[in-house]
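*Asks:* Below you'll find the structure I mean.
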Amino acid sequence: MKTFGGKVLFLDRSDINTDEIIPAKYLTEISKEALKPHMLEDLKLEGFDPHAASIREKRVIAARSNFGCGSSREHAPWVFEVNDINVVIASGFARIFRQNMFNCGMLAIELSEKDIEALFEHSGGAEITFDFEADKLTVSSAKGSRTFAYQISEFDKALVKAGGWVEFADSKY
């Protein structure tokens, strides 16, 4: 199982699509590593620089709603994975993006809009820790800390524990 938690990259926008996560022109790359420098390079968000050195230390993404909409492609979770980001937290996900995250052994955590708003109150220097077995995450920042409960299905939890769909299937079939 991957390690979850760490410093948070807050992307204060809804409807971040897969073309913004990894532009389509890179879909011909034959390795995940080749995707690495292109993560979020087409994301338009005031004050956001996808090449800022500070992004390389982030391990969790927090966003608003409908994260991962657009084309269905595994490259979107892959570019996060190769950049050591194994968690995306939002109030809603595009169905295929969400399942691709779990299929890659990563977490797509859905919180209510109210909880996302409370999470965003910690933007700027926040870190998140996970209690995977208890389905809880805790955000800590200069503003204090707060714990949020989340739910994922037992099957998706099994995929994450195994390291992804391929590893899960290898252990079962």
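Simple scheme: letters A, B, ... for chains in structure tokens order, numbers from 1 for residues in each chain, numbers from 1 for ligands in the order shown.
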Write out as JSON lines a residue-level contact list of range 67-132 of chain A versus range 3-22 of chain A with cut-off 7 Å: for each qualifying residue the closest pair of atoms and the distance in Å to one decimal, counting only C-alpha atoms, rows sorted by chain and residue number upward.

*Replies:*
{"residue": "A:Phe67", "atom": "CA", "partner": "A:Ile16", "partner_atom": "CA", "distance": 5.2}
{"residue": "A:Gly68", "atom": "CA", "partner": "A:Asn17", "partner_atom": "CA", "distance": 4.7}
{"residue": "A:Cys69", "atom": "CA", "partner": "A:Asn17", "partner_atom": "CA", "distance": 4.5}
{"residue": "A:Gly70", "atom": "CA", "partner": "A:Asn17", "partner_atom": "CA", "distance": 5.2}
{"residue": "A:Ser71", "atom": "CA", "partner": "A:Thr18", "partner_atom": "CA", "distance": 6.1}
{"residue": "A:His75", "atom": "CA", "partner": "A:Ile22", "partner_atom": "CA", "distance": 7.0}
{"residue": "A:Ala76", "atom": "CA", "partner": "A:Ile22", "partner_atom": "CA", "distance": 5.8}
{"residue": "A:Val79", "atom": "CA", "partner": "A:Ile22", "partner_atom": "CA", "distance": 7.0}
{"residue": "A:Asn86", "atom": "CA", "partner": "A:Phe4", "partner_atom": "CA", "distance": 6.3}
{"residue": "A:Val87", "atom": "CA", "partner": "A:Phe4", "partner_atom": "CA", "distance": 6.8}
{"residue": "A:Ser123", "atom": "CA", "partner": "A:Phe10", "partner_atom": "CA", "distance": 6.3}
{"residue": "A:Ala126", "atom": "CA", "partner": "A:Val8", "partner_atom": "CA", "distance": 5.8}
{"residue": "A:Glu127", "atom": "CA", "partner": "A:Lys7", "partner_atom": "CA", "distance": 4.3}
{"residue": "A:Ile128", "atom": "CA", "partner": "A:Gly5", "partner_atom": "CA", "distance": 5.1}
{"residue": "A:Thr129", "atom": "CA", "partner": "A:Gly5", "partner_atom": "CA", "distance": 4.8}
{"residue": "A:Phe130", "atom": "CA", "partner": "A:Gly5", "partner_atom": "CA", "distance": 6.1}

*Asks:* Considering only alpha helix (DSSP H) as DSSP defines it on the backbone, what residues of chain A qualify? List them as a PyMOL selection string.

*Replies:* chain A and resi 18-21+32-35+75-82+95-103+113-120+154-162+165-172

*Asks:* Mind writing the picked residues with N, CA and C atoms as a short mmCIF file (atom, residue, chain, number, x, y, z; two decimals), in the first residue's frame?

*Replies:*
data_model
loop_
_atom_site.label_atom_id
_atom_site.label_comp_id
_atom_site.auth_asym_id
_atom_site.auth_seq_id
_atom_site.Cartn_x
_atom_site.Cartn_y
_atom_site.Cartn_z
N THR A 18 -9.38 16.61 -17.07
CA THR A 18 -8.20 15.78 -17.32
C THR A 18 -7.22 16.43 -18.28
N ASP A 19 -7.69 17.30 -19.17
CA ASP A 19 -6.77 18.02 -20.06
C ASP A 19 -5.93 19.03 -19.28
N GLU A 20 -6.48 19.56 -18.20
CA GLU A 20 -5.71 20.47 -17.35
C GLU A 20 -4.76 19.69 -16.43
N ILE A 21 -5.14 18.49 -16.08
CA ILE A 21 -4.29 17.65 -15.23
C ILE A 21 -3.07 17.18 -16.02
N LYS A 32 5.31 6.55 -17.44
CA LYS A 32 4.74 7.51 -16.49
C LYS A 32 5.75 8.62 -16.21
N GLU A 33 7.01 8.28 -16.11
CA GLU A 33 8.06 9.25 -15.80
C GLU A 33 8.09 10.39 -16.81
N ALA A 34 7.80 10.10 -18.07
CA ALA A 34 7.81 11.13 -19.09
C ALA A 34 6.69 12.16 -18.88
N LEU A 35 5.65 11.78 -18.15
CA LEU A 35 4.54 12.69 -17.87
C LEU A 35 4.88 13.69 -16.76
N HIS A 75 -3.95 8.44 -17.58
CA HIS A 75 -2.79 9.34 -17.50
C HIS A 75 -2.97 10.40 -16.40
N ALA A 76 -4.21 10.79 -16.12
CA ALA A 76 -4.45 11.82 -15.10
C ALA A 76 -4.00 11.32 -13.72
N PRO A 77 -4.45 10.16 -13.24
CA PRO A 77 -3.90 9.67 -11.98
C PRO A 77 -2.41 9.34 -12.08
N TRP A 78 -1.97 8.85 -13.22
CA TRP A 78 -0.55 8.49 -13.37
C TRP A 78 0.35 9.69 -13.16
N VAL A 79 -0.02 10.87 -13.69
CA VAL A 79 0.84 12.03 -13.54
C VAL A 79 0.91 12.46 -12.07
N PHE A 80 -0.18 12.25 -11.33
CA PHE A 80 -0.11 12.52 -9.89
C PHE A 80 0.79 11.51 -9.20
N GLU A 81 0.60 10.25 -9.54
CA GLU A 81 1.39 9.18 -8.91
C GLU A 81 2.89 9.38 -9.11
N VAL A 82 3.30 9.71 -10.32
CA VAL A 82 4.73 9.88 -10.62
C VAL A 82 5.28 11.14 -9.95
N ARG A 95 -16.84 10.19 -12.49
CA ARG A 95 -16.87 8.78 -12.12
C ARG A 95 -15.64 8.01 -12.59
N ILE A 96 -15.24 8.18 -13.82
CA ILE A 96 -14.11 7.41 -14.36
C ILE A 96 -12.80 7.84 -13.71
N PHE A 97 -12.61 9.14 -13.52
CA PHE A 97 -11.38 9.60 -12.84
C PHE A 97 -11.30 8.99 -11.45
N ARG A 98 -12.40 9.05 -10.72
CA ARG A 98 -12.43 8.52 -9.35
C ARG A 98 -12.01 7.04 -9.35
N GLN A 99 -12.61 6.25 -10.24
CA GLN A 99 -12.29 4.83 -10.25
C GLN A 99 -10.86 4.58 -10.72
N ASN A 100 -10.37 5.38 -11.65
CA ASN A 100 -8.98 5.25 -12.08
C ASN A 100 -8.02 5.50 -10.92
N MET A 101 -8.36 6.43 -10.03
CA MET A 101 -7.53 6.66 -8.84
C MET A 101 -7.43 5.37 -8.01
N PHE A 102 -8.57 4.79 -7.69
CA PHE A 102 -8.58 3.55 -6.90
C PHE A 102 -7.89 2.41 -7.66
N ASN A 103 -8.11 2.33 -8.97
CA ASN A 103 -7.47 1.29 -9.77
C ASN A 103 -5.95 1.40 -9.75
N GLU A 113 -19.59 19.54 0.57
CA GLU A 113 -19.15 20.90 0.26
C GLU A 113 -18.84 21.68 1.53
N LYS A 114 -19.61 21.45 2.58
CA LYS A 114 -19.37 22.11 3.86
C LYS A 114 -17.99 21.71 4.42
N ASP A 115 -17.67 20.42 4.34
CA ASP A 115 -16.35 19.97 4.82
C ASP A 115 -15.22 20.47 3.94
N ILE A 116 -15.45 20.54 2.63
CA ILE A 116 -14.42 21.09 1.74
C ILE A 116 -14.16 22.55 2.09
N GLU A 117 -15.23 23.28 2.37
CA GLU A 117 -15.08 24.69 2.77
C GLU A 117 -14.24 24.78 4.05
N ALA A 118 -14.51 23.92 5.01
CA ALA A 118 -13.74 23.90 6.27
C ALA A 118 -12.29 23.50 6.01
N LEU A 119 -12.08 22.57 5.09
CA LEU A 119 -10.72 22.15 4.74
C LEU A 119 -9.94 23.32 4.13
N PHE A 120 -10.60 24.07 3.25
CA PHE A 120 -9.95 25.21 2.59
C PHE A 120 -9.61 26.34 3.56
N GLU A 154 -15.73 -0.99 0.36
CA GLU A 154 -14.79 -2.04 0.76
C GLU A 154 -13.96 -2.52 -0.43
N PHE A 155 -14.57 -2.57 -1.61
CA PHE A 155 -13.82 -2.99 -2.80
C PHE A 155 -12.73 -1.98 -3.13
N ASP A 156 -13.08 -0.69 -3.13
CA ASP A 156 -12.07 0.33 -3.43
C ASP A 156 -10.97 0.34 -2.36
N LYS A 157 -11.36 0.09 -1.12
CA LYS A 157 -10.36 0.00 -0.04
C LYS A 157 -9.42 -1.19 -0.30
N ALA A 158 -9.98 -2.30 -0.77
CA ALA A 158 -9.15 -3.47 -1.09
C ALA A 158 -8.19 -3.16 -2.24
N LEU A 159 -8.66 -2.40 -3.24
CA LEU A 159 -7.78 -2.01 -4.35
C LEU A 159 -6.61 -1.18 -3.83
N VAL A 160 -6.90 -0.23 -2.95
CA VAL A 160 -5.86 0.64 -2.40
C VAL A 160 -4.87 -0.18 -1.58
N LYS A 161 -5.38 -1.07 -0.73
CA LYS A 161 -4.50 -1.90 0.10
C LYS A 161 -3.58 -2.76 -0.75
N ALA A 162 -4.11 -3.26 -1.87
CA ALA A 162 -3.31 -4.13 -2.75
C ALA A 162 -2.28 -3.34 -3.56
N TRP A 165 -5.45 -2.10 -9.10
CA TRP A 165 -6.22 -3.18 -9.70
C TRP A 165 -5.35 -4.36 -10.13
N VAL A 166 -4.24 -4.10 -10.79
CA VAL A 166 -3.39 -5.19 -11.28
C VAL A 166 -2.90 -6.05 -10.12
N GLU A 167 -2.41 -5.41 -9.08
CA GLU A 167 -1.92 -6.14 -7.91
C GLU A 167 -3.06 -6.89 -7.21
N PHE A 168 -4.23 -6.27 -7.15
CA PHE A 168 -5.40 -6.92 -6.56
C PHE A 168 -5.76 -8.17 -7.36
N ALA A 169 -5.83 -8.04 -8.68
CA ALA A 169 -6.18 -9.18 -9.53
C ALA A 169 -5.13 -10.27 -9.44
N ASP A 170 -3.86 -9.90 -9.40
CA ASP A 170 -2.79 -10.91 -9.27
C ASP A 170 -2.93 -11.71 -7.99
N SER A 171 -3.40 -11.08 -6.93
CA SER A 171 -3.53 -11.78 -5.65
C SER A 171 -4.80 -12.62 -5.55
N LYS A 172 -5.77 -12.37 -6.43
CA LYS A 172 -7.07 -13.05 -6.35
C LYS A 172 -7.27 -14.10 -7.45
#

*Asks:* What is the CA of Ala53 in chain A-CA of Gly164 in chain A distance in Å, reported with one decimal?

*Replies:*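 Interatomic distance, CA of Ala53 in chain A to CA of Gly164 in chain A: 28.8 Å.
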
*Asks:* Write down as a PyMOL selection string the residues belonging to range 18-173 of chain A that are assigned strand (DSSP E) by DSSP computed on the backbone.

*Replies:* chain A and resi 58-63+87-90+107-110+127-131+136-141+144-149

*Asks:* What is the distance, in Å and to one decimal place, between CA of Gly47 in chain A and CA of Tyr26 in chain A?

*Replies:* 24.2 Å

*Asks:* Which residue gives the smallest distance to His38 in chain A among A:Arg59, A:Arg73, A:Arg146, A:Lys25, with only C-alpha atoms counted?

*Replies:*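 When distances to His38 in chain A are compared using only C-alpha atoms, the smallest one comes from A:Lys25.
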
*Asks:* Rounded to one decimal in Å, what is the spacing between CA of Arg64 in chain A and CA of Ala90 in chain A?

*Replies:*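 Rounded to one decimal, the two atoms are 5.1 Å apart.
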
*Asks:* Quick one: residues within 7 Å of Glu110 in chain A, only C-alpha atoms, excluding same-chain residues fewer than 2 positions away - as a PDB file with N, CA and C atoms, in the first residue's frame?

*Replies:*
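This is the output file out.pdb:
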ATOM      1  N   ILE A  89      -8.689  15.166  -2.818  1.00  0.00           N
ATOM      2  CA  ILE A  89      -9.875  15.377  -1.989  1.00  0.00           C
ATOM      3  C   ILE A  89     -10.724  16.442  -2.668  1.00  0.00           C
ATOM      4  N   ALA A  90     -12.010  16.145  -2.854  1.00  0.00           N
ATOM      5  CA  ALA A  90     -12.925  17.094  -3.495  1.00  0.00           C
ATOM      6  C   ALA A  90     -14.342  16.787  -3.032  1.00  0.00           C
ATOM      7  N   SER A  91     -15.272  17.680  -3.356  1.00  0.00           N
ATOM      8  CA  SER A  91     -16.667  17.415  -3.005  1.00  0.00           C
ATOM      9  C   SER A  91     -17.361  16.544  -4.045  1.00  0.00           C
ATOM     10  N   GLY A  92     -16.693  16.282  -5.149  1.00  0.00           N
ATOM     11  CA  GLY A  92     -17.236  15.393  -6.166  1.00  0.00           C
ATOM     12  C   GLY A  92     -16.201  15.127  -7.240  1.00  0.00           C
ATOM     13  N   ALA A 108      -9.222   8.768  -3.788  1.00  0.00           N
ATOM     14  CA  ALA A 108     -10.088   9.864  -4.219  1.00  0.00           C
ATOM     15  C   ALA A 108     -11.114  10.013  -3.107  1.00  0.00           C
ATOM     16  N   SER A 112     -18.222  16.427   1.865  1.00  0.00           N
ATOM     17  CA  SER A 112     -19.329  17.342   1.568  1.00  0.00           C
ATOM     18  C   SER A 112     -18.771  18.730   1.235  1.00  0.00           C
ATOM     19  N   TYR A 150     -14.629  10.097   6.162  1.00  0.00           N
ATOM     20  CA  TYR A 150     -14.968   9.884   4.752  1.00  0.00           C
ATOM     21  C   TYR A 150     -15.371   8.430   4.575  1.00  0.00           C
TER      22      TYR A 150
END
